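Colleague: My file is model.cif. It has mmCIF, C-alpha atoms and all ligand atoms:
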data_entry
#
loop_
_atom_site.group_PDB
_atom_site.id
_atom_site.type_symbol
_atom_site.label_atom_id
_atom_site.label_comp_id
_atom_site.auth_asym_id
_atom_site.auth_seq_id
_atom_site.Cartn_x
_atom_site.Cartn_y
_atom_site.Cartn_z
ATOM 1 C CA MET A 1 -12.993 -10.584 6.549
ATOM 2 C CA ALA A 2 -9.220 -10.411 6.083
ATOM 3 C CA SER A 3 -8.086 -7.036 4.841
ATOM 4 C CA ILE A 4 -6.301 -6.717 1.544
ATOM 5 C CA HIS A 5 -2.673 -5.606 1.705
ATOM 6 C CA LEU A 6 -0.534 -3.874 -0.886
ATOM 7 C CA GLY A 7 1.203 -6.500 -2.989
ATOM 8 C CA ASP A 8 -1.578 -9.062 -2.517
ATOM 9 C CA ASP A 9 -3.253 -10.607 -5.538
ATOM 10 C CA ALA A 10 -6.512 -8.715 -6.055
ATOM 11 C CA PRO A 11 -9.252 -11.292 -5.443
ATOM 12 C CA ASN A 12 -11.044 -12.344 -8.610
ATOM 13 C CA PHE A 13 -14.856 -12.392 -8.773
ATOM 14 C CA THR A 14 -17.799 -12.545 -11.124
ATOM 15 C CA ALA A 15 -20.404 -9.812 -10.823
ATOM 16 C CA ASP A 16 -23.443 -8.305 -12.468
ATOM 17 C CA THR A 17 -22.699 -4.820 -13.822
ATOM 18 C CA THR A 18 -24.361 -2.130 -15.897
ATOM 19 C CA ASP A 19 -22.459 -3.637 -18.874
ATOM 20 C CA GLY A 20 -23.588 -7.220 -18.104
ATOM 21 C CA GLU A 21 -21.921 -9.984 -16.114
ATOM 22 C CA ILE A 22 -18.137 -9.843 -15.871
ATOM 23 C CA ASP A 23 -15.336 -12.027 -14.592
ATOM 24 C CA PHE A 24 -13.031 -9.376 -13.113
ATOM 25 C CA TYR A 25 -9.742 -10.888 -14.345
ATOM 26 C CA ASP A 26 -11.163 -11.496 -17.850
ATOM 27 C CA TRP A 27 -12.609 -7.978 -17.994
ATOM 28 C CA LYS A 28 -9.379 -6.402 -16.767
ATOM 29 C CA GLY A 29 -6.945 -8.433 -18.861
ATOM 30 C CA ASP A 30 -3.403 -7.093 -18.452
ATOM 31 C CA SER A 31 -4.477 -3.476 -18.022
ATOM 32 C CA TRP A 32 -4.283 -1.459 -14.841
ATOM 33 C CA ALA A 33 -7.627 -1.171 -13.045
ATOM 34 C CA MET A 34 -9.249 1.154 -10.541
ATOM 35 C CA LEU A 35 -11.996 -0.573 -8.553
ATOM 36 C CA PHE A 36 -13.877 1.907 -6.383
ATOM 37 C CA SER A 37 -16.996 1.729 -4.257
ATOM 38 C CA HIS A 38 -19.590 4.333 -3.321
ATOM 39 C CA PRO A 39 -22.310 4.115 -0.676
ATOM 40 C CA ALA A 40 -25.502 4.375 -2.699
ATOM 41 C CA ASP A 41 -27.179 5.441 -5.936
ATOM 42 C CA PHE A 42 -29.219 8.653 -6.000
ATOM 43 C CA THR A 43 -26.985 10.339 -3.396
ATOM 44 C CA PRO A 44 -25.278 13.684 -3.923
ATOM 45 C CA VAL A 45 -21.576 13.040 -3.283
ATOM 46 C CA CYS A 46 -21.663 9.819 -5.296
ATOM 47 C CA THR A 47 -23.317 11.621 -8.214
ATOM 48 C CA THR A 48 -20.437 14.127 -8.340
ATOM 49 C CA GLU A 49 -17.801 11.385 -7.978
ATOM 50 C CA LEU A 50 -19.095 9.159 -10.761
ATOM 51 C CA GLY A 51 -19.598 12.126 -13.084
ATOM 52 C CA ARG A 52 -16.079 13.348 -12.395
ATOM 53 C CA THR A 53 -14.680 9.884 -13.098
ATOM 54 C CA ALA A 54 -16.593 9.713 -16.388
ATOM 55 C CA GLY A 55 -15.186 13.137 -17.337
ATOM 56 C CA LEU A 56 -11.655 11.830 -16.789
ATOM 57 C CA LYS A 57 -12.033 8.901 -19.210
ATOM 58 C CA SER A 58 -9.309 10.134 -21.555
ATOM 59 C CA GLU A 59 -6.915 10.522 -18.595
ATOM 60 C CA PHE A 60 -7.558 6.959 -17.388
ATOM 61 C CA ASP A 61 -7.283 5.669 -20.977
ATOM 62 C CA LYS A 62 -3.960 7.476 -21.464
ATOM 63 C CA ARG A 63 -2.587 5.616 -18.445
ATOM 64 C CA GLY A 64 -4.035 2.251 -19.523
ATOM 65 C CA VAL A 65 -6.407 2.107 -16.545
ATOM 66 C CA LYS A 66 -9.844 0.460 -16.736
ATOM 67 C CA VAL A 67 -12.351 1.855 -14.250
ATOM 68 C CA LEU A 68 -14.974 -0.203 -12.396
ATOM 69 C CA ALA A 69 -17.370 1.229 -9.793
ATOM 70 C CA LEU A 70 -19.455 -0.652 -7.221
ATOM 71 C CA SER A 71 -22.328 -0.197 -4.842
ATOM 72 C CA VAL A 72 -24.722 -2.580 -3.117
ATOM 73 C CA ASP A 73 -27.664 -1.249 -5.131
ATOM 74 C CA PRO A 74 -29.182 -3.475 -7.844
ATOM 75 C CA VAL A 75 -28.392 -2.994 -11.506
ATOM 76 C CA GLU A 76 -31.858 -1.514 -12.285
ATOM 77 C CA SER A 77 -31.117 1.205 -9.739
ATOM 78 C CA HIS A 78 -27.738 1.971 -11.383
ATOM 79 C CA HIS A 79 -29.474 2.266 -14.773
ATOM 80 C CA GLY A 80 -32.153 4.512 -13.262
ATOM 81 C CA TRP A 81 -29.538 6.803 -11.671
ATOM 82 C CA ALA A 82 -27.221 7.098 -14.693
ATOM 83 C CA PRO A 83 -29.218 9.881 -16.449
ATOM 84 C CA ASP A 84 -28.977 12.016 -13.283
ATOM 85 C CA ILE A 85 -25.189 11.727 -13.342
ATOM 86 C CA GLU A 86 -25.082 13.067 -16.895
ATOM 87 C CA ASP A 87 -27.682 15.717 -16.088
ATOM 88 C CA VAL A 88 -25.771 17.016 -13.064
ATOM 89 C CA THR A 89 -22.169 16.733 -14.269
ATOM 90 C CA GLY A 90 -22.482 16.790 -18.061
ATOM 91 C CA ASN A 91 -20.639 13.466 -18.251
ATOM 92 C CA ALA A 92 -22.397 10.283 -19.346
ATOM 93 C CA LEU A 93 -21.273 7.136 -17.548
ATOM 94 C CA ASN A 94 -18.605 5.381 -19.608
ATOM 95 C CA PHE A 95 -17.519 2.605 -17.252
ATOM 96 C CA PRO A 96 -19.422 -0.280 -15.631
ATOM 97 C CA ILE A 97 -20.913 -0.154 -12.138
ATOM 98 C CA ILE A 98 -21.062 -3.435 -10.233
ATOM 99 C CA ALA A 99 -24.424 -4.249 -8.646
ATOM 100 C CA ASP A 100 -23.584 -6.017 -5.406
ATOM 101 C CA PRO A 101 -26.852 -6.427 -3.467
ATOM 102 C CA ASP A 102 -25.668 -9.713 -1.964
ATOM 103 C CA LYS A 103 -22.426 -7.932 -0.870
ATOM 104 C CA LYS A 104 -20.223 -10.636 -2.352
ATOM 105 C CA VAL A 105 -17.606 -8.278 -3.816
ATOM 106 C CA SER A 106 -17.956 -5.654 -1.066
ATOM 107 C CA GLU A 107 -17.136 -8.241 1.572
ATOM 108 C CA LEU A 108 -14.339 -9.762 -0.498
ATOM 109 C CA TYR A 109 -12.686 -6.309 -0.651
ATOM 110 C CA ASP A 110 -13.677 -5.255 2.907
ATOM 111 C CA MET A 111 -15.599 -2.231 1.595
ATOM 112 C CA ILE A 112 -18.291 -2.293 4.303
ATOM 113 C CA HIS A 113 -17.462 -0.490 7.559
ATOM 114 C CA PRO A 114 -20.569 -0.676 9.754
ATOM 115 C CA GLY A 115 -19.226 2.045 12.076
ATOM 116 C CA GLU A 116 -19.762 4.431 9.155
ATOM 117 C CA GLY A 117 -23.515 4.360 9.599
ATOM 118 C CA ASP A 118 -24.977 1.331 7.827
ATOM 119 C CA THR A 119 -23.991 -1.730 5.842
ATOM 120 C CA SER A 120 -23.541 -0.034 2.496
ATOM 121 C CA THR A 121 -20.029 0.366 1.118
ATOM 122 C CA VAL A 122 -17.723 3.209 2.119
ATOM 123 C CA ARG A 123 -15.570 5.034 -0.453
ATOM 124 C CA SER A 124 -12.869 2.425 -1.082
ATOM 125 C CA VAL A 125 -10.375 2.627 -3.941
ATOM 126 C CA PHE A 126 -8.116 -0.162 -5.156
ATOM 127 C CA VAL A 127 -5.575 0.441 -7.920
ATOM 128 C CA ILE A 128 -4.563 -2.917 -9.360
ATOM 129 C CA GLY A 129 -1.570 -3.481 -11.631
ATOM 130 C CA PRO A 130 -1.314 -5.398 -14.906
ATOM 131 C CA ASP A 131 -0.183 -8.450 -12.896
ATOM 132 C CA ASN A 132 -3.372 -8.231 -10.747
ATOM 133 C CA LYS A 133 -1.407 -7.143 -7.660
ATOM 134 C CA VAL A 134 -2.951 -4.495 -5.402
ATOM 135 C CA ARG A 135 -0.808 -1.365 -5.761
ATOM 136 C CA LEU A 136 -2.831 1.198 -3.797
ATOM 137 C CA SER A 137 -5.756 1.176 -1.413
ATOM 138 C CA LEU A 138 -7.553 4.190 -0.013
ATOM 139 C CA THR A 139 -10.622 4.385 2.212
ATOM 140 C CA TYR A 140 -12.672 7.551 2.559
ATOM 141 C CA PRO A 141 -15.747 8.022 4.729
ATOM 142 C CA LYS A 142 -19.156 8.370 3.148
ATOM 143 C CA SER A 143 -19.319 12.097 3.834
ATOM 144 C CA VAL A 144 -16.099 12.995 1.975
ATOM 145 C CA GLY A 145 -15.814 12.903 -1.800
ATOM 146 C CA ARG A 146 -12.523 11.716 -3.225
ATOM 147 C CA ASN A 147 -9.972 13.807 -5.112
ATOM 148 C CA PHE A 148 -9.687 12.256 -8.563
ATOM 149 C CA ASP A 149 -6.680 14.394 -9.494
ATOM 150 C CA GLU A 150 -4.932 12.685 -6.579
ATOM 151 C CA LEU A 151 -5.889 9.265 -7.892
ATOM 152 C CA LEU A 152 -4.408 10.107 -11.302
ATOM 153 C CA ARG A 153 -1.311 11.514 -9.586
ATOM 154 C CA VAL A 154 -0.767 8.282 -7.639
ATOM 155 C CA ILE A 155 -1.243 6.210 -10.789
ATOM 156 C CA ASP A 156 1.393 8.384 -12.505
ATOM 157 C CA ALA A 157 3.756 7.845 -9.572
ATOM 158 C CA LEU A 158 3.167 4.066 -9.537
ATOM 159 C CA GLN A 159 3.798 3.812 -13.263
ATOM 160 C CA LEU A 160 6.921 6.000 -13.062
ATOM 161 C CA THR A 161 8.417 4.063 -10.147
ATOM 162 C CA ASP A 162 7.794 0.813 -12.050
ATOM 163 C CA ARG A 163 9.771 2.194 -15.015
ATOM 164 C CA ALA A 164 12.808 3.543 -13.154
ATOM 165 C CA PRO A 165 14.541 3.080 -9.767
ATOM 166 C CA VAL A 166 13.101 6.263 -8.272
ATOM 167 C CA ALA A 167 10.597 7.342 -5.647
ATOM 168 C CA THR A 168 8.383 10.426 -5.635
ATOM 169 C CA PRO A 169 8.542 13.123 -2.935
ATOM 170 C CA ALA A 170 5.722 14.834 -1.074
ATOM 171 C CA ASP A 171 3.239 16.542 -3.386
ATOM 172 C CA TRP A 172 5.058 15.317 -6.517
ATOM 173 C CA THR A 173 3.307 15.830 -9.792
ATOM 174 C CA GLU A 174 4.378 14.907 -13.296
ATOM 175 C CA GLY A 175 7.507 16.748 -14.441
ATOM 176 C CA ASP A 176 8.816 17.443 -10.908
ATOM 177 C CA LYS A 177 12.202 16.127 -9.869
ATOM 178 C CA VAL A 178 12.227 12.715 -8.192
ATOM 179 C CA ILE A 179 14.259 10.855 -5.574
ATOM 180 C CA VAL A 180 16.814 8.196 -6.472
ATOM 181 C CA SER A 181 15.780 4.880 -4.957
ATOM 182 C CA PRO A 182 17.540 4.333 -1.598
ATOM 183 C CA GLN A 183 18.654 0.924 -2.904
ATOM 184 C CA MET A 184 20.810 2.543 -5.631
ATOM 185 C CA SER A 185 24.309 3.907 -4.976
ATOM 186 C CA THR A 186 25.023 7.505 -5.936
ATOM 187 C CA ASP A 187 27.678 6.306 -8.428
ATOM 188 C CA ASP A 188 25.200 3.967 -10.105
ATOM 189 C CA ALA A 189 22.579 6.744 -10.100
ATOM 190 C CA LYS A 190 25.004 9.142 -11.842
ATOM 191 C CA GLN A 191 25.714 6.497 -14.458
ATOM 192 C CA ARG A 192 22.025 5.826 -15.032
ATOM 193 C CA PHE A 193 20.583 9.345 -14.742
ATOM 194 C CA GLY A 194 23.560 11.689 -15.300
ATOM 195 C CA ASP A 195 22.213 14.598 -13.279
ATOM 196 C CA VAL A 196 22.114 13.636 -9.581
ATOM 197 C CA GLU A 197 22.134 16.093 -6.678
ATOM 198 C CA GLU A 198 23.081 14.585 -3.311
ATOM 199 C CA VAL A 199 21.468 16.585 -0.501
ATOM 200 C CA LYS A 200 22.002 13.836 2.086
ATOM 201 C CA PRO A 201 23.546 10.420 1.508
ATOM 202 C CA TYR A 202 19.992 9.070 1.603
ATOM 203 C CA LEU A 203 18.333 11.900 -0.372
ATOM 204 C CA ARG A 204 19.454 12.236 -3.981
ATOM 205 C CA TRP A 205 17.411 14.258 -6.483
ATOM 206 C CA THR A 206 17.294 13.652 -10.199
ATOM 207 C CA PRO A 207 15.065 15.013 -12.968
ATOM 208 C CA GLU A 208 12.071 12.827 -13.772
ATOM 209 C CA PRO A 209 13.342 10.069 -16.082
ATOM 210 C CA THR A 210 11.645 10.344 -19.452
ATOM 211 C CA GLY A 211 12.254 6.827 -20.776
HETATM 212 C C1 LIG B 301 -23.535 10.890 -0.808
HETATM 213 O O1 LIG B 301 -23.092 10.302 -1.786
HETATM 214 O O2 LIG B 301 -23.865 12.051 -0.867
HETATM 215 C C2 LIG B 301 -23.614 10.188 0.512
HETATM 216 C C3 LIG B 301 -23.936 8.854 0.570
HETATM 217 C C4 LIG B 301 -24.019 8.221 1.798
HETATM 218 C C5 LIG B 301 -23.785 8.948 2.969
HETATM 219 C C6 LIG B 301 -23.426 10.293 2.887
HETATM 220 C C7 LIG B 301 -23.356 10.926 1.650
#
Starting from the file, lay out its structure as structure tokens.
Modeller:
Amino acid sequence: MASIHLGDDAPNFTADTTDGEIDFYDWKGDSWAMLFSHPADFTPVCTTELGRTAGLKSEFDKRGVKVLALSVDPVESHHGWAPDIEDVTGNALNFPIIADPDKKVSELYDMIHPGEGDTSTVRSVFVIGPDNKVRLSLTYPKSVGRNFDELLRVIDALQLTDRAPVATPADWTEGDKVIVSPQMSTDDAKQRFGDVEEVKPYLRWTPEPTG
């Protein structure tokens, strides 16, 4: 299975989900999407992850991101597990979970890493842009739950750097100063942003652009 690189077109697929059958591109439309896999239903880390994601619905909505989960369990299992997620985390599921028992989507997105114990999916995340290009991929082992604040932070950074010729520094969060794109001259940056601090010829700070 070829791995998926940043900038690739996210492969399209049809799949059975807890909300019925979907064609991924039709379901996604021109929104952003976060496609993420978990190893198995009725497991502890996954229960916390899916509940946390459901609790962040307004944050994903604010950013125009549609969320789609996946595991290789069948759809009846997803439906049977859903009440536990609400029971444990207080958040009812509010996004579809793909049922991928034949591993069609998991293999398409290289989400199965047999060295991680078995042939269920690891904790993969793909953030996909409005143009269906892959903008971020992350892979976590089964034993480590993901940080969903970090996923929102990266989505903020991707959306900001699409809007303006800037990059984000280590540990950036919304409202922090940003770095002028290395492709832009300092003179052009001063014209565009006004306030530019040149620390090195290649490191120029500017306040986060608001527009
Ligand atoms: C979990 O979600 O807790 C889990 C699933 C598979 C392996 C390890 C942990």
Colleague: Quick one: residues within 9 Å of Leu56 of chain A, all atoms listed in the file, excluding same-chain residues fewer than 5 positions away - as a PyMOL selection string?
Modeller: chain A and resi 51+61+148
Colleague: Applied to this file, what does the PyMOL selection byres (((not hetatm)) within 10 of (chain B and resi 301)) return in terms of residues, put as a ChimeraX atom specification?
Modeller: /A:38-50,116-118,120-123,141-145
Colleague: Can you tell me, as JSON, numbers by chain, what residues are no more than 7 Å from segment 172-179 of chain A when counting only C-alpha atoms, ignoring any on the same chain fewer than 6 positions away?
Modeller: {"A": [153, 166, 203, 204, 205, 206, 207, 208]}
Colleague: Show me the residues close to (-27.2, 1.1, -5.5) - anything with an atom within 12 Å, counting only C-alpha atoms - and format the list as JSON, numbers by chain.
Modeller: {"A": [17, 18, 37, 38, 39, 40, 41, 42, 43, 46, 47, 69, 70, 71, 72, 73, 74, 75, 76, 77, 78, 79, 80, 81, 82, 97, 98, 99, 100, 101, 102, 103, 120, 121]}
Colleague: Can you tell me how far atom CA of Pro96 of chain A sits from atom CA of Asp162 of chain A, in Å to one decimal?
Modeller: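 Atom CA of Pro96 of chain A sits 27.5 Å away from atom CA of Asp162 of chain A.
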Colleague: Please report the interatomic distance between atom CA of Ser58 of chain A and atom CA of Pro11 of chain A in Å with one decimal.
Modeller: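 Here the two named atoms are 26.8 Å from each other.
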Colleague: Quick one: apply the PyMOL selection byres (((chain A and resi 10) around 8) and not hetatm) to the file and drop the selected residues here as an MDAnalysis selection string.
Modeller: chainID A and resid 4 8:9 11:12 128 132:134
Colleague: Ranking A:His113, A:Arg52, A:Lys104, A:Arg192 by minimum distance to Thr89 of chain A and counting all atoms listed in the file, which one comes first?
Modeller: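 So, comparing all the options, the nearest one is A:Arg52.
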Colleague: Which value, in Å to one decimal, gives the distance between atom CA of Asp149 of chain A and atom CA of Thr53 of chain A?
Modeller: 9.9 Å
Colleague: Could you check which of A:Phe36, A:Trp27, A:Phe95, A:Tyr109 is closest to Ala54 of chain A, using only C-alpha atoms?
Modeller: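 Nearest candidate to Ala54 of chain A out of A:Phe36, A:Trp27, A:Phe95, A:Tyr109: A:Phe95.
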Colleague: Name the residues captured by the PyMOL selection byres (((chain A and resi 186) around 10) and not hetatm) when it is applied to the shown file; answer as a list in words.
Modeller: Val180, Ser181, Pro182, Gln183, Met184, Ser185, Asp187, Asp188, Ala189, Lys190, Gln191, Arg192, Val196, Glu197, Glu198, Pro201, Tyr202, Leu203 and Arg204 of chain A
Colleague: Write a file of the just-selected residues containing C-alpha atoms, as a JSON list (two decimals), in the frame of the given file.
Modeller:
[["chain", "number", "residue", "atom", "x", "y", "z"],
["A", 180, "VAL", "CA", 16.81, 8.20, -6.47],
["A", 181, "SER", "CA", 15.78, 4.88, -4.96],
["A", 182, "PRO", "CA", 17.54, 4.33, -1.60],
["A", 183, "GLN", "CA", 18.65, 0.92, -2.90],
["A", 184, "MET", "CA", 20.81, 2.54, -5.63],
["A", 185, "SER", "CA", 24.31, 3.91, -4.98],
["A", 187, "ASP", "CA", 27.68, 6.31, -8.43],
["A", 188, "ASP", "CA", 25.20, 3.97, -10.10],
["A", 189, "ALA", "CA", 22.58, 6.74, -10.10],
["A", 190, "LYS", "CA", 25.00, 9.14, -11.84],
["A", 191, "GLN", "CA", 25.71, 6.50, -14.46],
["A", 192, "ARG", "CA", 22.02, 5.83, -15.03],
["A", 196, "VAL", "CA", 22.11, 13.64, -9.58],
["A", 197, "GLU", "CA", 22.13, 16.09, -6.68],
["A", 198, "GLU", "CA", 23.08, 14.58, -3.31],
["A", 201, "PRO", "CA", 23.55, 10.42, 1.51],
["A", 202, "TYR", "CA", 19.99, 9.07, 1.60],
["A", 203, "LEU", "CA", 18.33, 11.90, -0.37],
["A", 204, "ARG", "CA", 19.45, 12.24, -3.98]]
Colleague: Could segment 86-114 of chain A be completed with N, CA and C atoms and returned as a CSV table (one decimal), in the coordinates of the input?
Modeller:
chain,number,residue,atom,x,y,z
A,86,GLU,N,-25.4,12.3,-15.7
A,86,GLU,CA,-25.1,13.1,-16.9
A,86,GLU,C,-25.7,14.4,-16.8
A,87,ASP,N,-27.0,14.5,-16.2
A,87,ASP,CA,-27.7,15.7,-16.1
A,87,ASP,C,-26.9,16.7,-15.2
A,88,VAL,N,-26.4,16.2,-14.1
A,88,VAL,CA,-25.8,17.0,-13.1
A,88,VAL,C,-24.4,17.4,-13.5
A,89,THR,N,-23.6,16.5,-14.0
A,89,THR,CA,-22.2,16.7,-14.3
A,89,THR,C,-21.8,17.0,-15.7
A,90,GLY,N,-22.8,16.6,-16.6
A,90,GLY,CA,-22.5,16.8,-18.1
A,90,GLY,C,-21.7,15.6,-18.6
A,91,ASN,N,-21.4,14.6,-17.8
A,91,ASN,CA,-20.6,13.5,-18.3
A,91,ASN,C,-21.5,12.2,-18.2
A,92,ALA,N,-21.7,11.6,-19.3
A,92,ALA,CA,-22.4,10.3,-19.3
A,92,ALA,C,-21.5,9.2,-18.8
A,93,LEU,N,-22.1,8.3,-18.1
A,93,LEU,CA,-21.3,7.1,-17.5
A,93,LEU,C,-20.6,6.4,-18.7
A,94,ASN,N,-19.3,6.1,-18.5
A,94,ASN,CA,-18.6,5.4,-19.6
A,94,ASN,C,-17.8,4.2,-19.0
A,95,PHE,N,-18.2,3.8,-17.9
A,95,PHE,CA,-17.5,2.6,-17.3
A,95,PHE,C,-18.6,1.8,-16.5
A,96,PRO,N,-18.4,0.5,-16.3
A,96,PRO,CA,-19.4,-0.3,-15.6
A,96,PRO,C,-19.5,0.0,-14.1
A,97,ILE,N,-20.7,-0.2,-13.6
A,97,ILE,CA,-20.9,-0.2,-12.1
A,97,ILE,C,-21.4,-1.5,-11.7
A,98,ILE,N,-20.7,-2.1,-10.8
A,98,ILE,CA,-21.1,-3.4,-10.2
A,98,ILE,C,-22.3,-3.3,-9.4
A,99,ALA,N,-23.3,-4.2,-9.5
A,99,ALA,CA,-24.4,-4.2,-8.6
A,99,ALA,C,-24.1,-5.4,-7.7
A,100,ASP,N,-24.0,-5.0,-6.4
A,100,ASP,CA,-23.6,-6.0,-5.4
A,100,ASP,C,-24.6,-6.2,-4.2
A,101,PRO,N,-25.9,-6.4,-4.6
A,101,PRO,CA,-26.9,-6.4,-3.5
A,101,PRO,C,-26.6,-7.6,-2.5
A,102,ASP,N,-26.0,-8.6,-2.9
A,102,ASP,CA,-25.7,-9.7,-2.0
A,102,ASP,C,-24.3,-9.5,-1.2
A,103,LYS,N,-23.7,-8.4,-1.6
A,103,LYS,CA,-22.4,-7.9,-0.9
A,103,LYS,C,-21.2,-8.9,-1.1
A,104,LYS,N,-21.3,-9.6,-2.1
A,104,LYS,CA,-20.2,-10.6,-2.4
A,104,LYS,C,-18.9,-9.9,-2.6
A,105,VAL,N,-18.9,-9.0,-3.5
A,105,VAL,CA,-17.6,-8.3,-3.8
A,105,VAL,C,-17.2,-7.3,-2.7
A,106,SER,N,-18.2,-6.6,-2.1
A,106,SER,CA,-18.0,-5.7,-1.1
A,106,SER,C,-17.3,-6.3,0.1
A,107,GLU,N,-17.7,-7.5,0.4
A,107,GLU,CA,-17.1,-8.2,1.6
A,107,GLU,C,-15.8,-8.8,1.2
A,108,LEU,N,-15.6,-9.2,0.0
A,108,LEU,CA,-14.3,-9.8,-0.5
A,108,LEU,C,-13.3,-8.7,-0.4
A,109,TYR,N,-13.6,-7.4,-0.7
A,109,TYR,CA,-12.7,-6.3,-0.7
A,109,TYR,C,-12.8,-5.5,0.6
A,110,ASP,N,-13.6,-5.9,1.6
A,110,ASP,CA,-13.7,-5.3,2.9
A,110,ASP,C,-14.1,-3.8,2.7
A,111,MET,N,-15.1,-3.6,1.9
A,111,MET,CA,-15.6,-2.2,1.6
A,111,MET,C,-16.7,-1.8,2.5
A,112,ILE,N,-17.2,-2.7,3.4
A,112,ILE,CA,-18.3,-2.3,4.3
A,112,ILE,C,-17.7,-2.1,5.7
A,113,HIS,N,-18.0,-0.9,6.2
A,113,HIS,CA,-17.5,-0.5,7.6
A,113,HIS,C,-18.7,0.0,8.4
A,114,PRO,N,-19.3,-1.0,9.1
A,114,PRO,CA,-20.6,-0.7,9.8
A,114,PRO,C,-20.5,0.5,10.7
